[in-house]
Every structure is written in C-alpha cells, then in structure tokens.
Amino acid sequence: MNKTIRRASVFCLLMVLALLVRATWLQAYQAEALADNEHNRRKVIAQYAQPLGNIIVAGSPVTGSERTTGGDLQYKRTYTQGELYAAVTGYGSQAYGSTQLEGIYSDVLDGTDDRLKKPAAVLTGEQSAPGNVLTTIDPDVQKAAYEALGDDKGAAVAIDPETGRILGMVSTPSYDPSKISGTADGEAWEQLLADKDKPQVNRALRQPLAPGSTFKLVVAAAALEDGLYGSVDEPTDSPDPYTLPGTSTVLRNESATAPCENATLRTALQYSCNNVFAKVAADLGQEKVKAMADGFGFDTEKLDVPVRASTSVYPTGMDKAQTALTGIGQFEVTATPLQMAMVSATLANGGELAAPHMVSQVVDADGGTLEEFEDGDTKRVVSERTAEQVRSAMVTVVEEGTGTNARIAGAEVGGKTGTAQNGVDNSNTPYAWFTSYAKDRSSGKEVAVAVVIESSDASRSEVSGNGLAAPIAQKMMKAALQG
C-alpha cells in the first residue's frame, strides 16, 4: 500500500473513532441534559402529546385539556373556574412556561416523570400516562374568600390549625390561566404584564407587607413566654403616650380615649394600644422578639407549601426605638398572609405550628401514590398556657374590641385587626389586616385565617382591619366550619 493511501486510511479511521467517541459521549453523558434543554422542541412536543393530568380539589379536577388544531402541540391546558383557583394552580402555557403547582409538578402532569414509567415502557419508549395532584383546598372556603374579596386588591389564606392543610388561598385581582395556555395568546399575555395591579402575583404567598397591629400577637406571646408579664390580665408598665427610647418622638394610639395607660395585654389587644406593645418590644429587646417571630415562621428562607413563599422578615441591627416600632408591626417588619395565618393557627393549636401544605398526594394514573404529605408535622412554638392566654385575649378582641365583624354564632372566634402604614409618612392608603381563628363549639372543628386588603374603593378614613378584612375572614371561617 503506498504511503498516501495508508495515511488517508489512518486519517479516516481516526475520524470514525472521533465520531464514535462523540456519539457515545452524547448518548451516555449528555442525553439527559439535551432532553431537558429548554430549546429542545421534542421535549415540548412530548409534553403536549396527550391530555395532561389534573390538579384536583375535593375529588374534582379544576384543570383539563383541549385538543388543538394545527401545529405540532396536540393538547393545551384548560381551567375550570380559572380565576377562582389561579392562586392555587398557577398557569401552564405552551408559550410562557408553568408556575406554581403547574410548574412544580409539570413532569407528573405531562407524563414524563420517571416514576410514572412502567417496566415495558422503558424498552418500548412509550410515553407514560400522566399523574394527578391532589390538593387540600376546600372549594367552599375558596369560593367564600374569592367572592368576599371581590374587586379589592388583596389576599386571603385559611389553614386547618391541627393538620396544617391549606383550605383556601386567594389573590385578587386574579386572572384566567386558560387565556394564556396556548401558543397564540400573545395579546392576553401582554395585557397581563401591563396590568398595574399585577394579577399574576400570588399575594397570599409572594407579597410581604407591613403586618401592622396583627404582629402584636407575636409580641404578646414573647412577653408571656419570657415572663415579662405573668398573664394577659396583669397590668403593664406602659405610659400613654409613649416616647420612643432615645428620641423625642411620641407614639400615640389611634384612639385618644382608649384605656391604654398601663393596660393589661388583654386590654392592649382589645384596643390595639401602640404604647403597650412598643414598650414591650423595647423591654424584651430585638433578640427575644426575633426569636419568637422566627418560631412562628418569620425569616424562613425556604417555606414551601409546596409553592415557595416569600420570606416574612423580622429585622436585625436595630436601635431601641426601631425595636419598639417593630412591636406594632412597623419599621421593617414584613409578613405574607400565609405567615399571619400561621401565627393564628399556632395559637389555635395549643402553641404547636403544623407545617402548612396545600397538596395532600401526588398520584399516578391508577391512583398509586408517588408523594404524600403528612398532616400534623408540628413543632412547638409557645407553651399551651401562653397559647391559651393569647387566644383568650383574641376572643376579647372579637367580642368586645376592634374585631367585632368576625363574630360567628355558635363558634369561639378570636382575632386581631391591623392597619399598617404604607408609604413615606403613611402617605399612601394603609393596608387593612385581620388574622383570626374560629372553633365550632359543638363539633370542635377549627380554622385559622389571615386577610390583607392592599387597596379598595373605601375612603381612607374607612380603611380598617375590622371594616375591610374581618368580614372576609368571617365568611371564610364560617364556610370552613360548616363544610
């Protein structure tokens, strides 16, 4: 063989070996990454090649699938009462991806999750039947919250205190995910993005705001646990008005006639006395207040229900005056409605916080369990006595104080109102809060709720936790107890 042919043969052999090595590398090491690449059209085609699995509420699907016409994506997602459940489901879109439960469980819902594969399918490559996601949502509570919020901008969360099951989660204004589920929904998508009220934001989980006076429940619990005061009926050492430590700034109460001077914690919660809780926070110090707040769930970076909630924050590095302001839920304290519902749920559950969750099971097409979320995964936050004491004061708030609009016949109802400052020097309309629990006296059934109204048609002078938020909480609690 002449030298030229031999060299050409060796070169060709090396090229073939290089191709074989590259093909082996792609198939053995890069196949999964390529299959999962967002630019891989085959992945999207497989995702929508069959009807999708469903998100289930109380045994009935709130999602569906619709056959498409034209294009290579055969099915698209549909929603039953999409606006009602958008804060639960999120959206699944052929063009814009998926969010919330649709996003977290996309592989289960489209049948590509490896856990769905039967042994024969591994050999044949046949696509598996999709699975379903079973939620903890109570449709009556969900509907009550959505209808009560109406045109207001706000959010509401309801939790079963004993199990941690999320019974309702609503954010308004809402949107219909069906309108953005296809590939030709660009106009609807742009309208959503341009909406100044941001309907795609889940305010129940992803909008931490100043909690205002609802945070006084945390401060009261900290004072009792620390032994600063022996009971909610022991007088406090609280001048009225109260001058913030180290400053000349005088902190006054909403009502000049309220009996807030040296008031007991019960009276201070009943009349929402700023002087009492600001001084309590300053006396305890930021470390003790923060420890209590963190016990209730503040500053938890990975609070997954399973959708991740934004972190509710109790700040650090403060002076004594700033610490005092945190005692009334101001300065840099922020909380989501989920977080404030967790506070009431913990107190209702004897001081134990049950991990909140809105999915009970993830199942395959035959109903076999892929994932299961246990109820009642609890941790103790405060003693039973402290929880009972604060609950007793919360009942006084509803029966005789600022939360009378939350009363329910035949039930023990306790709550706390809040009107949180918004903007520099409170230049914007305040936020109206209410957090509460209710227990049916005959059945023992319980529920905890938090509601926030960011803005409404009410005039500024009419904005209050009792006026705007408490009636919504009342309707949600009533629906939960009657269900």
# chains A, B, ... in the order shown; residues from 1 in each chain; ligands from 1

$ select_by_dssp --residues "range 146-273 of chain A" --states "strand (DSSP E)" --output "count of residues only"
18

$ residues_around --residues "Asp195 in chain A" --least-positions-apart "6" --cutoff "12 Å" --atoms "only C-alpha atoms" --output "PyMOL selection string"
chain A and resi 173-175+188-189+201

$ closest_residue --among "A:Leu347, A:Val359, A:Ala473, A:Val333" --to "Val398 in chain A" --atoms "only C-alpha atoms"
A:Ala473

$ closest_residue --among "A:Leu370, A:Val21, A:Val219, A:Ala355" --to "Ala293 in chain A" --atoms "only C-alpha atoms"
A:Val219

$ residues_around --residues "Lys416 in chain A" --least-positions-apart "5" --cutoff "7 Å" --atoms "only C-alpha atoms" --output "ChimeraX atom specification"
/A:214,394,397,403,434-436

$ residues_around --residues "Ala221 in chain A" --least-positions-apart "3" --cutoff "8 Å" --atoms "only C-alpha atoms" --output "VMD selection string"
chain A and resid 217 to 218 224 to 225 292 382 386 to 387 390

$ write_last_selection --atoms "C-alpha atoms" --output "PDB file, in the first residue's frame"
ATOM      1  CA  LEU A 217     -49.917  38.749  68.808  1.00  0.00           C
ATOM      2  CA  VAL A 218     -46.275  37.720  68.355  1.00  0.00           C
ATOM      3  CA  LEU A 224     -45.645  35.797  78.251  1.00  0.00           C
ATOM      4  CA  GLU A 225     -43.033  33.196  77.275  1.00  0.00           C
ATOM      5  CA  MET A 292     -40.407  34.418  68.879  1.00  0.00           C
ATOM      6  CA  VAL A 382     -45.068  28.518  72.688  1.00  0.00           C
ATOM      7  CA  THR A 386     -49.207  31.023  76.577  1.00  0.00           C
ATOM      8  CA  ALA A 387     -51.322  29.944  73.603  1.00  0.00           C
ATOM      9  CA  VAL A 390     -53.296  34.878  73.895  1.00  0.00           C
TER      10      VAL A 390
END

$ closest_residue --among "A:Leu101, A:Val362, A:Ala144, A:Val44" --to "Ala479 in chain A" --atoms "only C-alpha atoms"
A:Ala144

$ select_by_dssp --residues "range 53-272 of chain A" --states "alpha helix (DSSP H)" --output "PyMOL selection string"
chain A and resi 82-89+100-104+106-110+119-124+139-149+186-194+203-206+216-226+265-270

$ closest_residue --among "A:Ser238, A:Gly131, A:Gly246, A:Ser93" --to "Asp185 in chain A" --atoms "only C-alpha atoms"
A:Ser93

$ residues_around --residues "range 376-379 of chain A" --least-positions-apart "2" --cutoff "7 Å" --atoms "only C-alpha atoms" --output "PyMOL selection string"
chain A and resi 162-164+352-355+374+381

$ closest_residue --among "A:Ala258, A:Leu19, A:Ala282, A:Ala156" --to "Trp433 in chain A" --atoms "only C-alpha atoms"
A:Ala156

$ atom_distance --atom1 "CA of Leu244 in chain A" --atom2 "CA of Thr334 in chain A"
20.6 Å

$ decode --residues "range 176-217 of chain A" --atoms "N, CA and C atoms" --output "mmCIF file, in the first residue's frame"
data_model
loop_
_atom_site.group_PDB
_atom_site.id
_atom_site.type_symbol
_atom_site.label_atom_id
_atom_site.label_comp_id
_atom_site.auth_asym_id
_atom_site.auth_seq_id
_atom_site.Cartn_x
_atom_site.Cartn_y
_atom_site.Cartn_z
ATOM 1 N N ASP A 176 -57.469 34.510 34.396
ATOM 2 C CA ASP A 176 -57.853 33.192 33.904
ATOM 3 C C ASP A 176 -56.664 32.566 33.170
ATOM 4 N N PRO A 177 -56.033 31.529 33.732
ATOM 5 C CA PRO A 177 -54.866 30.920 33.084
ATOM 6 C C PRO A 177 -55.178 30.331 31.711
ATOM 7 N N SER A 178 -56.448 30.015 31.437
ATOM 8 C CA SER A 178 -56.811 29.464 30.122
ATOM 9 C C SER A 178 -56.478 30.429 28.991
ATOM 10 N N LYS A 179 -56.494 31.727 29.292
ATOM 11 C CA LYS A 179 -56.291 32.730 28.243
ATOM 12 C C LYS A 179 -54.843 32.844 27.796
ATOM 13 N N ILE A 180 -53.923 32.194 28.525
ATOM 14 C CA ILE A 180 -52.513 32.262 28.140
ATOM 15 C C ILE A 180 -51.907 30.867 27.997
ATOM 16 N N SER A 181 -52.744 29.842 27.840
ATOM 17 C CA SER A 181 -52.236 28.465 27.828
ATOM 18 C C SER A 181 -51.755 28.007 26.462
ATOM 19 N N GLY A 182 -52.126 28.720 25.386
ATOM 20 C CA GLY A 182 -51.752 28.291 24.040
ATOM 21 C C GLY A 182 -50.529 28.995 23.502
ATOM 22 N N THR A 183 -50.298 28.839 22.191
ATOM 23 C CA THR A 183 -49.144 29.464 21.546
ATOM 24 C C THR A 183 -49.500 30.772 20.847
ATOM 25 N N ALA A 184 -50.767 31.113 20.808
ATOM 26 C CA ALA A 184 -51.199 32.313 20.089
ATOM 27 C C ALA A 184 -51.907 33.290 21.024
ATOM 28 N N ASP A 185 -51.401 33.357 22.262
ATOM 29 C CA ASP A 185 -52.065 34.181 23.268
ATOM 30 C C ASP A 185 -51.217 35.391 23.659
ATOM 31 N N GLY A 186 -50.439 35.885 22.707
ATOM 32 C CA GLY A 186 -49.520 36.986 22.996
ATOM 33 C C GLY A 186 -50.208 38.243 23.481
ATOM 34 N N GLU A 187 -51.369 38.570 22.915
ATOM 35 C CA GLU A 187 -52.071 39.784 23.315
ATOM 36 C C GLU A 187 -52.536 39.702 24.764
ATOM 37 N N ALA A 188 -53.108 38.545 25.139
ATOM 38 C CA ALA A 188 -53.560 38.359 26.529
ATOM 39 C C ALA A 188 -52.374 38.401 27.489
ATOM 40 N N TRP A 189 -51.251 37.828 27.087
ATOM 41 C CA TRP A 189 -50.049 37.817 27.919
ATOM 42 C C TRP A 189 -49.546 39.252 28.146
ATOM 43 N N GLU A 190 -49.490 40.039 27.086
ATOM 44 C CA GLU A 190 -49.015 41.413 27.205
ATOM 45 C C GLU A 190 -49.946 42.243 28.080
ATOM 46 N N GLN A 191 -51.246 41.982 27.997
ATOM 47 C CA GLN A 191 -52.192 42.696 28.851
ATOM 48 C C GLN A 191 -51.958 42.379 30.325
ATOM 49 N N LEU A 192 -51.668 41.107 30.610
ATOM 50 C CA LEU A 192 -51.369 40.720 31.992
ATOM 51 C C LEU A 192 -50.120 41.431 32.491
ATOM 52 N N LEU A 193 -49.082 41.442 31.678
ATOM 53 C CA LEU A 193 -47.826 42.062 32.090
ATOM 54 C C LEU A 193 -47.978 43.567 32.287
ATOM 55 N N ALA A 194 -48.866 44.185 31.509
ATOM 56 C CA ALA A 194 -49.041 45.635 31.578
ATOM 57 C C ALA A 194 -49.975 46.071 32.702
ATOM 58 N N ASP A 195 -50.728 45.134 33.272
ATOM 59 C CA ASP A 195 -51.697 45.474 34.311
ATOM 60 C C ASP A 195 -50.962 45.951 35.564
ATOM 61 N N LYS A 196 -51.219 47.203 35.987
ATOM 62 C CA LYS A 196 -50.517 47.783 37.137
ATOM 63 C C LYS A 196 -50.829 47.055 38.443
ATOM 64 N N ASP A 197 -51.931 46.321 38.493
ATOM 65 C CA ASP A 197 -52.291 45.584 39.701
ATOM 66 C C ASP A 197 -51.623 44.213 39.788
ATOM 67 N N LYS A 198 -50.887 43.815 38.754
ATOM 68 C CA LYS A 198 -50.102 42.589 38.737
ATOM 69 C C LYS A 198 -50.910 41.364 39.182
ATOM 70 N N PRO A 199 -51.914 40.990 38.402
ATOM 71 C CA PRO A 199 -52.748 39.844 38.795
ATOM 72 C C PRO A 199 -52.002 38.521 38.851
ATOM 73 N N GLN A 200 -50.869 38.397 38.167
ATOM 74 C CA GLN A 200 -50.120 37.141 38.203
ATOM 75 C C GLN A 200 -49.356 36.942 39.516
ATOM 76 N N VAL A 201 -49.193 38.001 40.302
ATOM 77 C CA VAL A 201 -48.506 37.875 41.591
ATOM 78 C C VAL A 201 -49.446 37.204 42.595
ATOM 79 N N ASN A 202 -48.990 36.138 43.206
ATOM 80 C CA ASN A 202 -49.782 35.470 44.241
ATOM 81 C C ASN A 202 -49.555 36.212 45.557
ATOM 82 N N ARG A 203 -50.441 37.150 45.846
ATOM 83 C CA ARG A 203 -50.268 37.995 47.031
ATOM 84 C C ARG A 203 -50.342 37.210 48.335
ATOM 85 N N ALA A 204 -50.989 36.070 48.313
ATOM 86 C CA ALA A 204 -51.096 35.252 49.525
ATOM 87 C C ALA A 204 -49.742 34.707 49.959
ATOM 88 N N LEU A 205 -48.865 34.452 48.980
ATOM 89 C CA LEU A 205 -47.558 33.853 49.253
ATOM 90 C C LEU A 205 -46.385 34.763 48.929
ATOM 91 N N ARG A 206 -46.562 35.648 47.965
ATOM 92 C CA ARG A 206 -45.408 36.328 47.381
ATOM 93 C C ARG A 206 -45.417 37.845 47.549
ATOM 94 N N GLN A 207 -46.232 38.354 48.476
ATOM 95 C CA GLN A 207 -46.311 39.800 48.652
ATOM 96 C C GLN A 207 -46.201 40.147 50.132
ATOM 97 N N PRO A 208 -44.992 40.139 50.695
ATOM 98 C CA PRO A 208 -44.840 40.506 52.110
ATOM 99 C C PRO A 208 -45.070 42.004 52.301
ATOM 100 N N LEU A 209 -45.896 42.325 53.280
ATOM 101 C CA LEU A 209 -46.219 43.718 53.585
ATOM 102 C C LEU A 209 -46.088 43.948 55.086
ATOM 103 N N ALA A 210 -46.046 45.202 55.488
ATOM 104 C CA ALA A 210 -46.054 45.503 56.918
ATOM 105 C C ALA A 210 -47.330 44.946 57.546
ATOM 106 N N PRO A 211 -47.211 44.095 58.583
ATOM 107 C CA PRO A 211 -48.405 43.465 59.162
ATOM 108 C C PRO A 211 -49.155 44.343 60.144
ATOM 109 N N GLY A 212 -48.585 45.493 60.495
ATOM 110 C CA GLY A 212 -49.271 46.365 61.435
ATOM 111 C C GLY A 212 -49.573 45.671 62.753
ATOM 112 N N SER A 213 -50.716 45.995 63.314
ATOM 113 C CA SER A 213 -51.036 45.536 64.671
ATOM 114 C C SER A 213 -51.297 44.045 64.787
ATOM 115 N N THR A 214 -51.451 43.319 63.677
ATOM 116 C CA THR A 214 -51.581 41.863 63.802
ATOM 117 C C THR A 214 -50.313 41.263 64.407
ATOM 118 N N PHE A 215 -49.169 41.955 64.239
ATOM 119 C CA PHE A 215 -47.902 41.459 64.792
ATOM 120 C C PHE A 215 -47.892 41.533 66.317
ATOM 121 N N LYS A 216 -48.808 42.289 66.898
ATOM 122 C CA LYS A 216 -48.862 42.393 68.355
ATOM 123 C C LYS A 216 -49.128 41.038 69.013
ATOM 124 N N LEU A 217 -49.728 40.098 68.272
ATOM 125 C CA LEU A 217 -49.917 38.749 68.808
ATOM 126 C C LEU A 217 -48.576 38.081 69.082
#
